[in-house]
Each structure stands twice: as structure tokens, then as C-alpha cells.
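J.: This one is query.txt, compact mmCIF, C-alpha atoms and all ligand atoms.
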```
# COMPACT_ATOMS: atom_id res chain seq x y z
CA ASP H 1 -15.03 -119.79 93.28
CA ILE H 2 -13.99 -116.18 93.03
CA ASP H 3 -12.12 -116.34 89.77
CA ILE H 4 -12.00 -112.92 88.17
CA ASP H 5 -11.65 -111.98 84.56
CA ILE H 6 -8.39 -110.14 84.11
CA ASP H 7 -8.43 -110.46 80.36
CA ILE H 8 -10.73 -107.55 79.81
CA ASP H 9 -9.48 -105.82 76.69
CA ILE H 10 -10.06 -102.12 76.76
CA ASP H 11 -10.01 -100.08 73.57
CA ILE H 12 -7.76 -97.06 74.17
CA ASP H 13 -9.61 -95.02 71.53
CA ILE H 14 -12.95 -95.68 73.13
CA ASP H 15 -15.65 -93.10 72.56
CA ILE H 16 -16.71 -92.08 76.06
CA CYS H 17 -20.16 -91.07 74.78
CA SER H 18 -20.76 -94.65 73.70
CA LEU H 19 -20.25 -96.09 77.20
CA PRO H 20 -23.26 -97.17 79.28
CA LYS H 21 -24.41 -94.31 81.49
CA GLU H 22 -26.22 -94.43 84.82
CA ASN H 23 -27.34 -91.94 87.41
CA TRP H 24 -25.05 -92.17 90.44
CA GLN H 25 -25.71 -89.19 92.64
CA ARG H 26 -28.48 -86.65 92.04
CA ASP H 27 -27.88 -85.39 88.51
CA VAL H 28 -24.35 -86.76 88.34
CA HIS H 29 -23.88 -89.59 85.86
CA ALA H 30 -21.26 -92.29 85.87
CA VAL H 31 -20.14 -94.29 82.84
CA GLN H 32 -19.30 -97.97 82.76
CA LEU H 33 -16.05 -99.45 81.55
CA GLY H 34 -15.03 -103.09 82.01
CA GLY H 35 -17.88 -103.66 84.46
CA PHE H 36 -17.04 -100.69 86.74
CA TRP H 37 -18.46 -97.17 87.03
CA PHE H 38 -16.38 -94.03 86.74
CA MET H 39 -16.78 -90.30 86.27
CA PRO H 40 -16.65 -89.65 82.51
CA GLU H 41 -13.62 -87.38 82.96
CA SER H 42 -11.70 -90.18 84.71
CA ILE H 43 -11.87 -92.54 81.75
CA LYS H 44 -9.00 -91.07 79.71
CA PRO H 45 -6.55 -90.89 82.63
CA ILE H 46 -7.50 -94.43 83.67
CA LEU H 47 -6.85 -95.68 80.14
CA ARG H 48 -3.51 -93.88 80.18
CA VAL H 49 -2.54 -95.69 83.36
CA ILE H 50 -3.64 -99.05 81.96
CA ASN H 51 -1.69 -98.49 78.77
CA ASN H 52 1.38 -96.58 79.88
CA PHE H 53 2.19 -97.33 83.47
CA LYS H 54 5.21 -99.62 83.69
CA PRO H 55 5.77 -100.40 87.35
CA LEU H 56 9.34 -100.88 88.46
CA PRO H 57 9.99 -104.01 90.52
CA THR H 58 10.74 -101.72 93.46
CA ASP H 59 7.48 -99.73 93.18
CA VAL H 60 4.90 -99.90 95.94
CA ILE H 61 1.25 -99.33 95.10
CA VAL H 62 -1.56 -98.52 97.48
CA ALA H 63 -4.78 -99.84 95.97
CA THR H 64 -8.17 -99.02 97.48
CA PHE H 65 -11.84 -98.46 96.85
CA PRO H 66 -12.63 -94.80 97.70
CA LYS H 67 -13.23 -93.99 101.38
CA THR H 68 -11.71 -97.14 102.78
CA GLY H 69 -8.72 -95.41 104.41
CA THR H 70 -6.46 -94.60 101.45
CA THR H 71 -5.03 -91.48 103.10
CA TRP H 72 -4.11 -93.42 106.23
CA LEU H 73 -2.40 -96.23 104.34
CA LYS H 74 -0.52 -93.72 102.19
CA SER H 75 0.81 -92.06 105.34
CA LEU H 76 1.85 -95.35 106.90
CA LEU H 77 3.61 -96.65 103.80
CA TYR H 78 5.31 -93.33 103.14
CA SER H 79 6.62 -93.31 106.73
CA ILE H 80 7.75 -96.92 106.56
CA LEU H 81 9.58 -96.50 103.26
CA ASN H 82 10.98 -93.01 103.80
CA ARG H 83 12.28 -93.29 107.31
CA SER H 84 14.75 -90.47 106.93
CA SER H 85 12.13 -88.08 105.52
CA LYS H 86 9.04 -89.26 107.36
CA HIS H 87 8.67 -85.78 108.85
CA ASN H 88 7.51 -84.61 105.42
CA LEU H 89 4.07 -85.73 106.55
CA ALA H 90 3.90 -82.67 108.74
CA VAL H 91 4.28 -80.32 105.79
CA GLN H 92 2.87 -82.21 102.82
CA HIS H 93 -0.42 -83.94 102.22
CA PRO H 94 -0.28 -87.76 101.93
CA HIS H 95 -1.92 -87.31 98.49
CA ASN H 96 1.09 -85.30 97.36
CA LEU H 97 3.64 -87.65 98.88
CA VAL H 98 1.89 -90.70 97.39
CA PRO H 99 0.15 -89.51 94.21
CA PHE H 100 -2.82 -91.21 92.58
CA LEU H 101 -1.81 -92.72 89.24
CA GLU H 102 -5.07 -91.79 87.53
CA VAL H 103 -5.70 -88.43 89.21
CA GLN H 104 -2.22 -86.98 89.42
CA VAL H 105 0.49 -88.99 87.65
CA PHE H 106 -1.30 -89.63 84.34
CA ALA H 107 -3.75 -86.74 84.62
CA GLU H 108 -2.69 -85.00 81.45
CA SER H 109 -0.69 -87.14 79.13
CA ASP H 110 0.80 -90.53 78.45
CA GLU H 111 3.99 -89.18 79.96
CA PRO H 112 3.81 -89.52 83.73
CA LEU H 113 3.91 -86.36 85.84
CA LEU H 114 5.17 -85.87 89.35
CA LEU H 115 7.60 -88.74 89.21
CA ALA H 116 10.24 -87.93 91.75
CA ALA H 117 13.84 -87.98 90.69
CA PRO H 118 15.35 -91.44 91.10
CA SER H 119 16.44 -92.03 94.64
CA ASP H 120 17.34 -94.94 96.82
CA GLU H 121 13.85 -95.04 98.17
CA PRO H 122 11.12 -96.89 96.28
CA ARG H 123 8.44 -94.95 94.44
CA ILE H 124 5.00 -95.16 96.03
CA PHE H 125 1.82 -94.59 94.03
CA SER H 126 -1.82 -95.13 94.71
CA THR H 127 -4.81 -96.09 92.65
CA HIS H 128 -8.52 -96.78 92.87
CA ILE H 129 -8.49 -98.63 89.54
CA PRO H 130 -10.05 -102.09 89.99
CA CYS H 131 -7.76 -105.09 89.77
CA GLN H 132 -9.84 -106.46 86.89
CA LEU H 133 -8.56 -103.55 84.75
CA LEU H 134 -5.06 -103.28 86.17
CA ALA H 135 -4.01 -106.88 86.80
CA LYS H 136 -2.02 -107.18 83.58
CA THR H 137 0.00 -104.09 84.48
CA LEU H 138 0.54 -105.26 88.04
CA ASP H 139 1.36 -108.81 86.97
CA SER H 140 4.00 -107.52 84.56
CA SER H 141 6.21 -106.47 87.44
CA GLU H 142 7.43 -107.66 90.80
CA CYS H 143 6.09 -104.43 92.31
CA LYS H 144 4.32 -104.72 95.65
CA VAL H 145 0.65 -103.85 96.04
CA VAL H 146 -1.08 -103.25 99.33
CA TYR H 147 -4.87 -103.37 99.04
CA LEU H 148 -6.88 -101.90 101.88
CA THR H 149 -10.58 -102.54 102.30
CA ARG H 150 -13.18 -101.54 104.86
CA ASN H 151 -16.61 -102.52 106.12
CA PRO H 152 -19.01 -101.71 103.25
CA LYS H 153 -21.46 -99.86 105.51
CA ASP H 154 -18.75 -97.58 106.94
CA THR H 155 -17.38 -97.07 103.43
CA LEU H 156 -20.83 -96.01 102.24
CA ILE H 157 -21.32 -93.61 105.16
CA SER H 158 -17.90 -92.09 104.61
CA MET H 159 -18.67 -91.51 100.92
CA TRP H 160 -22.10 -90.10 101.68
CA HIS H 161 -20.62 -87.54 104.11
CA PHE H 162 -17.82 -86.70 101.70
CA VAL H 163 -20.16 -86.04 98.77
CA ASN H 164 -22.59 -84.00 100.85
CA LYS H 165 -19.83 -81.93 102.38
CA TYR H 166 -18.04 -81.12 99.14
CA LYS H 167 -21.06 -80.73 96.90
CA PRO H 168 -23.18 -78.82 99.38
CA ASP H 169 -25.45 -77.32 96.73
CA GLN H 170 -27.23 -80.63 96.26
CA SER H 171 -28.02 -82.79 99.21
CA TRP H 172 -27.78 -86.52 98.59
CA SER H 173 -30.11 -88.51 100.79
CA LEU H 174 -28.81 -91.55 102.58
CA ASP H 175 -31.51 -93.68 100.97
CA GLU H 176 -30.32 -92.64 97.52
CA ALA H 177 -26.69 -93.27 98.47
CA THR H 178 -27.56 -96.71 99.89
CA ASP H 179 -29.52 -97.60 96.81
CA SER H 180 -26.65 -96.63 94.47
CA PHE H 181 -24.21 -98.57 96.65
CA CYS H 182 -26.37 -101.71 96.54
CA ARG H 183 -26.95 -101.39 92.80
CA GLY H 184 -23.19 -101.18 92.43
CA VAL H 185 -23.19 -97.72 90.85
CA GLY H 186 -20.66 -95.18 92.08
CA LEU H 187 -17.05 -94.11 91.82
CA TYR H 188 -14.98 -97.20 90.96
CA ALA H 189 -18.01 -99.32 91.96
CA PRO H 190 -19.24 -101.99 92.48
CA TYR H 191 -17.48 -102.11 95.84
CA TYR H 192 -17.87 -105.90 96.06
CA ASP H 193 -16.22 -106.64 92.71
CA HIS H 194 -13.43 -104.22 93.59
CA VAL H 195 -12.67 -106.07 96.83
CA ILE H 196 -13.06 -109.51 95.25
CA GLY H 197 -10.63 -108.64 92.43
CA TYR H 198 -7.78 -107.64 94.74
CA ARG H 199 -8.60 -110.40 97.22
CA GLU H 200 -8.22 -112.93 94.44
CA GLN H 201 -4.90 -111.43 93.37
CA SER H 202 -3.62 -111.51 96.95
CA LEU H 203 -4.41 -115.22 97.12
CA LYS H 204 -2.75 -115.88 93.77
CA ARG H 205 0.32 -113.71 94.33
CA PRO H 206 0.76 -113.34 98.08
CA GLU H 207 4.38 -112.26 97.70
CA ASN H 208 3.27 -109.26 95.65
CA VAL H 209 -0.24 -108.39 96.80
CA MET H 210 -1.08 -107.90 100.46
CA PHE H 211 -4.73 -107.60 101.49
CA VAL H 212 -5.52 -105.71 104.69
CA THR H 213 -8.64 -104.32 106.29
CA PHE H 214 -9.19 -100.95 107.94
CA GLU H 215 -10.62 -102.72 110.99
CA GLU H 216 -7.62 -105.02 111.48
CA MET H 217 -5.26 -102.06 111.19
CA MET H 218 -7.31 -100.07 113.70
CA GLU H 219 -7.32 -102.91 116.18
CA ASP H 220 -3.59 -103.53 115.99
CA PRO H 221 -1.79 -100.68 114.24
CA ARG H 222 1.62 -101.60 115.64
CA GLY H 223 1.26 -105.20 114.48
CA TYR H 224 0.21 -104.00 111.06
CA VAL H 225 3.07 -101.56 110.65
CA LYS H 226 5.35 -104.54 111.27
CA LYS H 227 3.41 -106.75 108.86
CA LEU H 228 3.55 -104.08 106.16
CA ASP H 229 7.18 -103.71 106.84
CA ASP H 230 7.88 -107.42 106.55
CA PHE H 231 5.89 -107.55 103.32
CA LEU H 232 7.98 -104.72 101.90
CA GLY H 233 11.15 -106.40 103.05
CA CYS H 234 12.50 -103.77 105.40
CA PRO H 235 11.83 -104.95 108.95
CA PHE H 236 12.10 -102.57 111.87
CA GLU H 237 14.62 -103.13 114.55
CA ASP H 238 13.42 -100.37 116.80
CA GLU H 239 10.03 -100.72 118.52
CA ASP H 240 10.02 -97.00 119.31
CA GLU H 241 10.16 -96.24 115.61
CA VAL H 242 7.05 -98.38 115.01
CA GLU H 243 5.29 -96.56 117.82
CA GLU H 244 6.29 -93.19 116.38
CA ILE H 245 4.95 -94.07 112.93
CA VAL H 246 1.62 -95.25 114.34
CA LYS H 247 1.28 -92.01 116.29
CA ASN H 248 2.35 -89.74 113.44
CA CYS H 249 -0.13 -91.41 111.09
CA SER H 250 -3.06 -91.27 113.50
CA ILE H 251 -5.96 -89.17 112.31
CA GLU H 252 -5.55 -86.86 115.29
CA VAL H 253 -1.96 -85.99 114.44
CA LEU H 254 -2.37 -85.92 110.65
CA SER H 255 -5.43 -83.71 110.66
CA ASN H 256 -3.93 -81.19 113.02
CA HIS H 257 -0.80 -80.19 111.17
CA ASP H 258 -1.04 -76.53 110.16
CA VAL H 259 -0.78 -77.41 106.48
CA LYS H 260 -3.82 -79.67 106.78
CA LYS H 261 -5.90 -76.84 108.16
CA SER H 262 -5.15 -74.73 105.13
CA LYS H 263 -7.82 -74.15 102.51
CA GLU H 264 -5.36 -75.11 99.80
CA SER H 265 -5.79 -78.35 97.89
CA PRO H 266 -3.43 -81.24 97.35
CA SER H 267 -2.03 -81.21 93.82
CA ARG H 268 -4.80 -81.78 91.21
CA ILE H 269 -7.36 -82.63 93.87
CA PRO H 270 -9.66 -79.60 94.12
CA LEU H 271 -10.67 -80.15 97.73
CA PRO H 272 -9.49 -78.64 101.02
CA TYR H 273 -6.55 -80.35 102.65
CA ASN H 274 -8.67 -81.69 105.48
CA ALA H 275 -11.34 -83.20 103.20
CA PHE H 276 -9.89 -86.65 103.70
CA PHE H 277 -10.05 -86.65 107.49
CA ARG H 278 -13.37 -87.04 109.29
CA LYS H 279 -13.85 -89.48 112.18
CA GLY H 280 -11.74 -92.46 111.18
CA LYS H 281 -13.72 -94.86 113.38
CA ILE H 282 -15.12 -98.36 113.08
CA GLY H 283 -18.91 -98.72 113.04
CA ASP H 284 -20.00 -95.15 112.32
CA HIS H 285 -22.75 -96.58 110.08
CA ASN H 286 -24.66 -97.52 113.24
CA ASN H 287 -25.25 -93.81 113.79
CA TYR H 288 -26.90 -93.36 110.40
CA LEU H 289 -28.23 -96.46 108.66
CA SER H 290 -31.74 -97.81 109.32
CA ASP H 291 -32.14 -101.46 110.35
CA GLU H 292 -33.63 -102.08 106.93
CA SER H 293 -30.61 -100.65 105.10
CA ILE H 294 -28.23 -102.58 107.34
CA GLU H 295 -30.11 -105.79 106.55
CA ARG H 296 -30.06 -105.00 102.82
CA ILE H 297 -26.29 -104.43 102.77
CA ASP H 298 -25.53 -107.36 105.09
CA THR H 299 -27.48 -109.71 102.83
CA LEU H 300 -25.52 -108.51 99.83
CA THR H 301 -22.26 -108.81 101.73
CA ARG H 302 -23.03 -112.38 102.74
CA GLU H 303 -23.92 -113.28 99.14
CA ARG H 304 -20.83 -111.68 97.62
CA PHE H 305 -18.18 -112.37 100.24
CA HIS H 306 -19.09 -115.85 101.46
CA SER H 307 -16.22 -117.40 99.49
CA LEU H 308 -13.58 -114.81 100.29
CA GLY H 309 -12.33 -116.20 103.55
CA PHE H 310 -13.32 -113.08 105.43
CA MET H 311 -16.59 -111.42 106.21
CA TYR H 312 -17.97 -108.15 107.46
P1 LIG O 401 -14.67 -91.53 107.84
O1 LIG O 401 -15.40 -90.69 106.85
O2 LIG O 401 -15.43 -92.75 108.24
O3 LIG O 401 -14.19 -90.77 109.02
P2 LIG O 401 -9.99 -92.29 102.00
O4 LIG O 401 -8.68 -91.83 102.53
O5 LIG O 401 -9.94 -93.60 101.30
O6 LIG O 401 -10.68 -91.20 101.24
O7 LIG O 401 -10.89 -92.61 103.28
C1 LIG O 401 -11.32 -91.59 104.14
C2 LIG O 401 -11.72 -92.23 105.44
O8 LIG O 401 -10.55 -92.60 106.17
C3 LIG O 401 -12.48 -91.25 106.33
O9 LIG O 401 -13.35 -92.07 107.11
C4 LIG O 401 -11.35 -90.65 107.14
O10 LIG O 401 -11.75 -90.03 108.33
C5 LIG O 401 -10.51 -91.90 107.41
N1 LIG O 401 -9.12 -91.57 107.73
C6 LIG O 401 -8.31 -90.65 107.15
N2 LIG O 401 -7.12 -90.64 107.74
C7 LIG O 401 -7.15 -91.57 108.72
C8 LIG O 401 -6.20 -92.02 109.69
N3 LIG O 401 -5.00 -91.50 109.76
N4 LIG O 401 -6.58 -93.00 110.52
C9 LIG O 401 -7.81 -93.55 110.45
N5 LIG O 401 -8.77 -93.16 109.57
C10 LIG O 401 -8.43 -92.18 108.71
```
Show this structure as C-alpha cells.
Ligand code: A3P
T.:
Amino acid sequence: DIDIDIDIDIDIDIDICSLPKENWQRDVHAVQLGGFWFMPESIKPILRVINNFKPLPTDVIVATFPKTGTTWLKSLLYSILNRSSKHNLAVQHPHNLVPFLEVQVFAESDEPLLLAAPSDEPRIFSTHIPCQLLAKTLDSSECKVVYLTRNPKDTLISMWHFVNKYKPDQSWSLDEATDSFCRGVGLYAPYYDHVIGYREQSLKRPENVMFVTFEEMMEDPRGYVKKLDDFLGCPFEDEDEVEEIVKNCSIEVLSNHDVKKSKESPSRIPLPYNAFFRKGKIGDHNNYLSDESIERIDTLTRERFHSLGFMY
């Protein structure tokens, strides 16, 4: 039984100082809302999304836990849905083409920012907000959600590298990172509840919520571009076009555009353009995690995912 509680009522006027607080990474604290951990500064924008985002039936939403391949899925969906302007990927970051609801669109006020002028093409947004907090919003519309997940150990390693690279003044040991991951403390954590929430929604509303894994997409990217396409209701007729999208969204191509090598940041994300591209491989955790840590995470994964119908 993986029934999730989507009736969590969140008080919009919540006092952030009153929320439970926990050490996530070195001296960085996260606060807890609705059973998940966030940076204190993310709480207001997240509440704005929960309270003000009204998805159109034609909207497409990329939902992910951080470091599971968000940037890749954004690129693929943008290319699939904007066939005539797919070359924009060479000059714009996927995070600008597919903005985060809580980081970019509702960053400043209840009025959404960065909403493109109406066009024939559907709007695409992304979010890391857990399903448990966003299900009412998503259920209120026929919008399509694609949830991408990834092996928890590779997700952890990706996050650990990311934090150490972009906060180089304080090194975060892998043992500390593993411990936080297993305790379920971190950005948008616990990972397991995040995955379970969207998995459950995909089983309940398969027409609206598609659940995919990084590993399946890696193993058969062409097949997955077609599956995504069928889910979004715009099947390809041309195999060469599928091939072109897979190639243009590969990490090698995406990370080598001149714009990606620039030191500039995507809108409202104060990180270099290339911060979201590293190796993009399956199994990198084997190069870093001890046998003991692998066993600890695998045990947790078995406990939490045994009823999901898939396993890492
Ligand atoms: P690694 O750190 O394991 O290399 P997110 O986009 O959710 O922040 O996830 C980042 C992870 O996705 C990083 O994983 C990154 O290298 C990988 N990634 C980014 N673009 C990719 C692509 N086009 N194909 C495959 N993996 C990609």
C-alpha cells in the first residue's frame, strides 16, 4: 500500500521561523514543511506555487527530485513540443526554456513571471515540489506531468558533487552527505517519499502523469522520445527527427554549446551555465560509495520501494 496523503493543508501565512529545522549540509539548515525539507528561502515561492499556479489543460510539467536528470528531460520535452524552434537549445539554457515554477516563475510574487506570450505551443514548466504538496494543483487540471527519477545512489553522488563544486569554501564529506540522504534531510527530501508520491499519482492518473527513470531513458533514448511523444499526444512520423532530438539533447552536445561554456547564469539560478552537466552516466556511485554505504542505501531502498512495482 503506497497511498499518499494529498490532503496536507498548508497555511499560506506560515511563520518560517516556526518550522522544524535540521542540519542538512555543514552549517546549512533546512526547514520542514508538509513532511519535506527545503531551504528556508524556498518556502515562500513554494507556497506561491501551491496557492496561485493554475495549470492550463495544455501545460506540460517536468517534475523531479534534484539531480535526477531534470535538465535532460527539460531539453527533450522542449525539443519534442517546440519542433520548429528546437534549435533554441543551442543558444538558451534548458532552465530558461523550461523555467522552474518555484525558482523562476513564482520567485517574486503571486503573479507569475516569465510566462511566454500565448502561442500555439504548450507551456512547459518544471518543479521539484513533491506531489504530496502539489497534487491538488495538478489534479485540478488535465495538464500532463512527466516525473523522472533516478537510482538513489547516483542521485546522492550527483548532489554531493554539485554541492562541493558550487560551495567550494566548505567541503561536505561523502559520509555526511550519505547520512543526510538516509535520514531523509536535504533539498526537497526525503527522496523516497518524493518518488513514491509521483509514482502513486502515475498509477492513479496514467493519462496525466507519466513516470520514467533516468536509467530506462539512457538505455533506450529513442524509444523514450517516442513514448514521451505518444503521452503528449503528438507522435513523430519521421524517425530521423527522433534521432536528431536524442542527439541534440545528449550531454555531449548540450554541454558543448558556446552559451553553456559561458560563466553567465540561467535566469534566477546563480550558477554557471554548465553547472548542470557533469558525467550523465549510470552507476557513478560505484566509484565513490563504500560497500557499507551501498548496503545502507540498498536496504532503505528495498524497504521503501518494495511495493512500487520497480526497484533499484
Ligand atoms: P551527474 O552528476 O551524475 O553527472 P539535474 O538536471 O536534475 O540537476 O541532474 C543533473 C544530473 O543529470 C547530472 O548527473 C548531469 O550530468 C546529468 N545530465 C545533465 N544533462 C544530461 C543529459 N543531457 N543527458 C544525461 N545526463 C544529463
J.: For ligand LIG 401 (chain O), which residue out of H:Arg26, H:Lys260, H:Lys44, H:Lys74 is the nearest one, using only C-alpha atoms and all ligand atoms?
T.: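 Residue with the minimum atom-to-atom distance to ligand LIG 401 (chain O): H:Lys74.
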J.: With distances taken over only C-alpha atoms and all ligand atoms, which residue among H:Phe106, H:Phe181, H:Tyr147, H:Phe162 lies nearest ligand LIG 401 (chain O)?
T.: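 Selected residue with least distance to ligand LIG 401 (chain O): H:Phe162.
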J.: Enclose the full set of atoms of ligand LIG 401 (chain O) listed in the file within a box whose edges lie along x, y and z, apply 5 Å of padding to each of the six sides, and report centre and edge lengths in Å to one decimal as AutoDock Vina command-line options.
T.:
```
--center_x -10.2 --center_y -91.8 --center_z 105.9 --size_x 20.4 --size_y 13.6 --size_z 19.3
```
J.: Using all atoms listed in the file, which of the listed residues (H:Leu133, H:Leu156, H:Met39, H:Leu81) sits closest to Tyr288 in chain H?
T.: H:Leu156
J.: List the spatial neighbours of Asp179 in chain H as a list in words - criterion: any atom at most 10 Å away, all atoms listed in the file, same-chain residues fewer than 5 positions off excluded.
T.: Trp24, Ser173, Leu174, Gly184, Val185, Ser293, Arg296 and Ile297 of chain H
J.: Just write the chosen residues, C-alpha atoms, as a tab-separated table (two decimals), in the frame of the given file.
T.:
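Result went into selection_3.tsv, see below:
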```tsv
chain	number	residue	atom	x	y	z
H	24	TRP	CA	-25.05	-92.17	90.44
H	173	SER	CA	-30.11	-88.51	100.79
H	174	LEU	CA	-28.81	-91.55	102.58
H	184	GLY	CA	-23.19	-101.18	92.43
H	185	VAL	CA	-23.19	-97.72	90.85
H	293	SER	CA	-30.61	-100.65	105.10
H	296	ARG	CA	-30.06	-105.00	102.82
H	297	ILE	CA	-26.29	-104.43	102.77
```
J.: Just the residues within 8 Å of range 212-226 of chain H, please, counting all atoms listed in the file, with nothing from its chain fewer than 4 positions along; format it as a count of residues only.
T.: 17
J.: Residues at most 12 Å from Asn287 in chain H, counting all atoms listed in the file, excluding those fewer than 2 positions away in the same chain, as a PyMOL selection string?
T.: chain H and resi 153-154+157-158+174+281-285+289-291+294
J.: Could you check the closest approach to ligand LIG 401 (chain O) for each of H:His306, H:Val209, H:Glu111, H:Thr64 and tell me which residue wins, using only C-alpha atoms and all ligand atoms?
T.: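 Checking each candidate against ligand LIG 401 (chain O), we get H:Thr64 as the closest.
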J.: For Tyr273 in chain H, please output as number ranges by chain all residues within 7 Å (counting all atoms listed in the file; exclusion window: fewer than 6 positions along the same chain).
T.: H: 260-266
J.: Kindly save the residues from that selection, with C-alpha atoms included, as a PDB file, in the coordinates of the input.
T.:
```pdb
ATOM      1  CA  LYS H 260      -3.820 -79.670 106.780  1.00  0.00           C
ATOM      2  CA  LYS H 261      -5.900 -76.840 108.160  1.00  0.00           C
ATOM      3  CA  SER H 262      -5.150 -74.730 105.130  1.00  0.00           C
ATOM      4  CA  LYS H 263      -7.820 -74.150 102.510  1.00  0.00           C
ATOM      5  CA  GLU H 264      -5.360 -75.110  99.800  1.00  0.00           C
ATOM      6  CA  SER H 265      -5.790 -78.350  97.890  1.00  0.00           C
ATOM      7  CA  PRO H 266      -3.430 -81.240  97.350  1.00  0.00           C
TER       8      PRO H 266
END
```
J.: May I have the protein, DNA and RNA residues with any atom at most 10 Å from the point (-21.0, -85.3, 91.1), counting all atoms listed in the file, written as a VMD selection string?
T.: chain H and resid 23 to 30 39 163 to 164 166 to 167 170 186 to 187
